[in-house]
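Colleague: One file: upload_33.pdb (PDB, C-alpha atoms).
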```pdb
ATOM      1  CA  ALA A   1      -2.870  -4.309   1.084
ATOM      2  CA  ALA A   2       0.663  -3.484   0.010
ATOM      3  CA  ALA A   3       0.117   0.198   0.805
ATOM      4  CA  LEU A   4       1.956   1.767   3.711
ATOM      5  CA  ARG A   5      -0.220   2.485   6.740
ATOM      6  CA  SER A   6       0.959   5.095   9.247
ATOM      7  CA  VAL A   7      -0.009   5.300  12.915
ATOM      8  CA  ARG A   8       1.019   7.980  15.421
ATOM      9  CA  LEU A   9       1.566   6.626  18.969
ATOM     10  CA  ASP A  10       2.014   9.383  21.565
ATOM     11  CA  GLN A  11       1.530   7.278  24.704
ATOM     12  CA  GLY A  12       1.117   3.664  25.748
ATOM     13  CA  ALA A  13       1.912   0.654  23.575
ATOM     14  CA  LEU A  14       0.655  -0.959  20.384
ATOM     15  CA  TRP A  15       0.602  -4.574  19.205
ATOM     16  CA  VAL A  16       0.729  -4.945  15.410
ATOM     17  CA  ARG A  17       0.019  -7.976  13.231
ATOM     18  CA  ASP A  18       0.584  -7.328   9.533
ATOM     19  CA  SER A  19      -0.097  -9.756   6.751
ATOM     20  CA  ARG A  20       2.631 -10.600   4.283
ATOM     21  CA  GLY A  21       3.151  -7.885   1.728
ATOM     22  CA  SER A  22       1.724  -5.108   3.890
ATOM     23  CA  ASN A  23       3.674  -2.365   5.631
ATOM     24  CA  THR A  24       2.896  -0.445   8.802
ATOM     25  CA  ARG A  25       4.817   2.554  10.136
ATOM     26  CA  VAL A  26       4.381   3.538  13.791
ATOM     27  CA  GLN A  27       5.672   7.018  14.630
ATOM     28  CA  THR A  28       6.492   7.752  18.278
ATOM     29  CA  PRO A  29       7.865  10.917  19.882
ATOM     30  CA  VAL A  30      11.398   9.432  19.816
ATOM     31  CA  GLY A  31      11.540   7.266  16.686
ATOM     32  CA  THR A  32       9.723   5.374  13.948
ATOM     33  CA  ALA A  33       9.188   1.603  13.624
ATOM     34  CA  THR A  34       8.407   0.321  10.118
ATOM     35  CA  ALA A  35       7.335  -3.300   9.676
ATOM     36  CA  ARG A  36       7.175  -5.466   6.596
ATOM     37  CA  GLY A  37       4.611  -8.235   7.161
ATOM     38  CA  THR A  38       5.288  -9.022  10.788
ATOM     39  CA  VAL A  39       4.103  -9.255  14.394
ATOM     40  CA  PHE A  40       5.642  -6.774  16.833
ATOM     41  CA  THR A  41       4.993  -4.452  19.751
ATOM     42  CA  VAL A  42       6.088  -0.831  20.048
ATOM     43  CA  THR A  43       5.841   1.649  22.916
ATOM     44  CA  ALA A  44       5.580   5.431  22.752
ATOM     45  CA  LYS A  45       9.085   5.526  24.261
ATOM     46  CA  GLY A  46      10.407   3.724  21.176
ATOM     47  CA  MET A  47      10.912   0.198  22.522
ATOM     48  CA  VAL A  48      10.218  -2.474  19.879
ATOM     49  CA  GLN A  49       9.876  -6.240  20.382
ATOM     50  CA  VAL A  50       9.685  -8.435  17.262
ATOM     51  CA  PHE A  51       7.862 -11.780  17.273
ATOM     52  CA  GLU A  52       7.818 -12.495  13.504
ATOM     53  CA  GLY A  53       9.399 -10.847  10.482
ATOM     54  CA  PHE A  54      11.529  -7.714  10.549
ATOM     55  CA  VAL A  55      11.106  -4.153  11.819
ATOM     56  CA  ASP A  56      13.249  -1.144  10.920
ATOM     57  CA  LEU A  57      13.731   1.185  13.902
ATOM     58  CA  GLU A  58      14.735   4.705  12.900
ATOM     59  CA  ALA A  59      15.769   7.743  14.951
ATOM     60  CA  ALA A  60      18.125  10.683  14.445
ATOM     61  CA  GLY A  61      18.705   9.704  10.817
ATOM     62  CA  GLN A  62      19.949   6.178  11.627
ATOM     63  CA  THR A  63      18.137   2.862  11.078
ATOM     64  CA  ILE A  64      18.642  -0.620  12.516
ATOM     65  CA  THR A  65      16.736  -3.778  11.568
ATOM     66  CA  LEU A  66      15.333  -6.035  14.295
ATOM     67  CA  GLY A  67      14.411  -9.670  13.638
ATOM     68  CA  PRO A  68      12.440 -12.359  15.471
ATOM     69  CA  GLY A  69      13.161 -12.360  19.208
ATOM     70  CA  GLU A  70      15.081  -9.088  19.135
ATOM     71  CA  VAL A  71      14.228  -6.096  21.298
ATOM     72  CA  GLY A  72      15.433  -2.617  20.435
ATOM     73  CA  GLY A  73      14.939   0.912  21.574
ATOM     74  CA  ILE A  74      16.215   4.449  21.468
ATOM     75  CA  GLY A  75      19.401   4.837  23.504
ATOM     76  CA  PRO A  76      20.536   7.753  25.672
ATOM     77  CA  ASP A  77      22.261   9.270  22.627
ATOM     78  CA  ALA A  78      18.851   9.305  20.812
ATOM     79  CA  LEU A  79      20.058   6.614  18.375
ATOM     80  CA  PRO A  80      18.351   3.250  17.746
ATOM     81  CA  MET A  81      20.039   0.219  19.263
ATOM     82  CA  LYS A  82      19.502  -3.510  19.786
ATOM     83  CA  LEU A  83      18.981  -4.106  23.493
ATOM     84  CA  TYR A  84      18.672  -7.871  23.890
ATOM     85  CA  THR A  85      17.241 -11.067  22.414
ATOM     86  CA  ILE A  86      14.419 -13.121  23.935
ATOM     87  CA  ASP A  87      13.695 -16.822  23.532
ATOM     88  CA  LEU A  88      10.414 -16.796  21.611
ATOM     89  CA  ASN A  89       9.695 -20.354  22.752
ATOM     90  CA  SER A  90       9.344 -19.060  26.315
ATOM     91  CA  VAL A  91       6.785 -16.338  25.457
ATOM     92  CA  PRO A  92       3.287 -17.551  26.452
ATOM     93  CA  THR A  93       0.741 -17.368  23.615
ATOM     94  CA  ASP A  94      -3.010 -17.659  23.314
ATOM     95  CA  ILE A  95      -4.879 -20.149  21.116
ATOM     96  CA  ALA A  96      -4.301 -17.956  18.029
ATOM     97  CA  GLY A  97      -0.551 -17.915  18.710
ATOM     98  CA  ASP A  98      -0.489 -14.277  19.789
ATOM     99  CA  PRO A  99       1.607 -13.278  22.826
ATOM    100  CA  ILE A 100      -0.525 -13.236  25.984
ATOM    101  CA  GLY A 101      -1.032  -9.781  27.396
ATOM    102  CA  TRP A 102      -1.488  -8.114  24.011
TER     103      TRP A 102
END
```
Before anything else, please render the file you have as structure tokens.

Modeller:
Amino acid sequence: AAALRSVRLDQGALWVRDSRGSNTRVQTPVGTATARGTVFTVTAKGMVQVFEGFVDLEAAGQTITLGPGEVGGIGPDALPMKLYTIDLNSVPTDIAGDPIGW
């Protein structure tokens, strides 16, 4: 559905697979990750890893957009920031193409 779904994540981590045209917002104690038809992980500490599509990471009134292979989080100044990029070809996947371990 094209409706926005909201999830509150207070501890641990969450793996999200959205279909195209759907939107999921994951609120954590430090920031909010909003996806638009994508595959990503998010932790309660605000770390986001994007496998497909794009995720907006928002905290303290600022937003950054992360794309495939990008990892972001909430920095020491409580603002969102891009941390590093991973080679998605080196991430092991299962038969469905999902990252192993999620």

Colleague: Run the PyMOL selection byres ((chain A and resi 88) around 10) on the file and write out the hits as a PyMOL selection string.

Modeller: chain A and resi 50-52+68-70+85-87+89-93+99

Colleague: Could you pull the residues within 12 Å of Asp56 (chain A), counting only C-alpha atoms, minus those fewer than 4 positions along the same chain, as a ChimeraX atom specification?

Modeller: /A:23-27,31-38,40,42,46-50,62-67,70-73,80-82

Colleague: Kindly give the distance, in Å, that separates CA of Gly75 (chain A) and CA of Asp18 (chain A), rounded to a single decimal.

Modeller: 26.4 Å

Colleague: Please indicate the distance in Å from CA of Leu9 (chain A) to CA of Leu79 (chain A), rounded to one decimal place.

Modeller: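 Answer for the CA of Leu9 (chain A) to CA of Leu79 (chain A) separation: 18.5 Å.
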
Colleague: Ranking A:Val16, A:Asp77, A:Arg5, A:Gln11 by minimum distance to Val55 (chain A) and counting all atoms listed in the file, which one comes first?

Modeller: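 Using all atoms listed in the file, Val55 (chain A) sits closest to A:Val16.
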
Colleague: Considering only C-alpha atoms, state which residue in the set A:Ala13, A:Leu83, A:Ala3, A:Ala59 is at the smallest distance from Ala44 (chain A).

Modeller: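 Closest to Ala44 (chain A), using only C-alpha atoms: A:Ala13.
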
Colleague: One number please: CA of Ile74 (chain A) to CA of Leu57 (chain A), in Å, one decimal.

Modeller: 8.6 Å
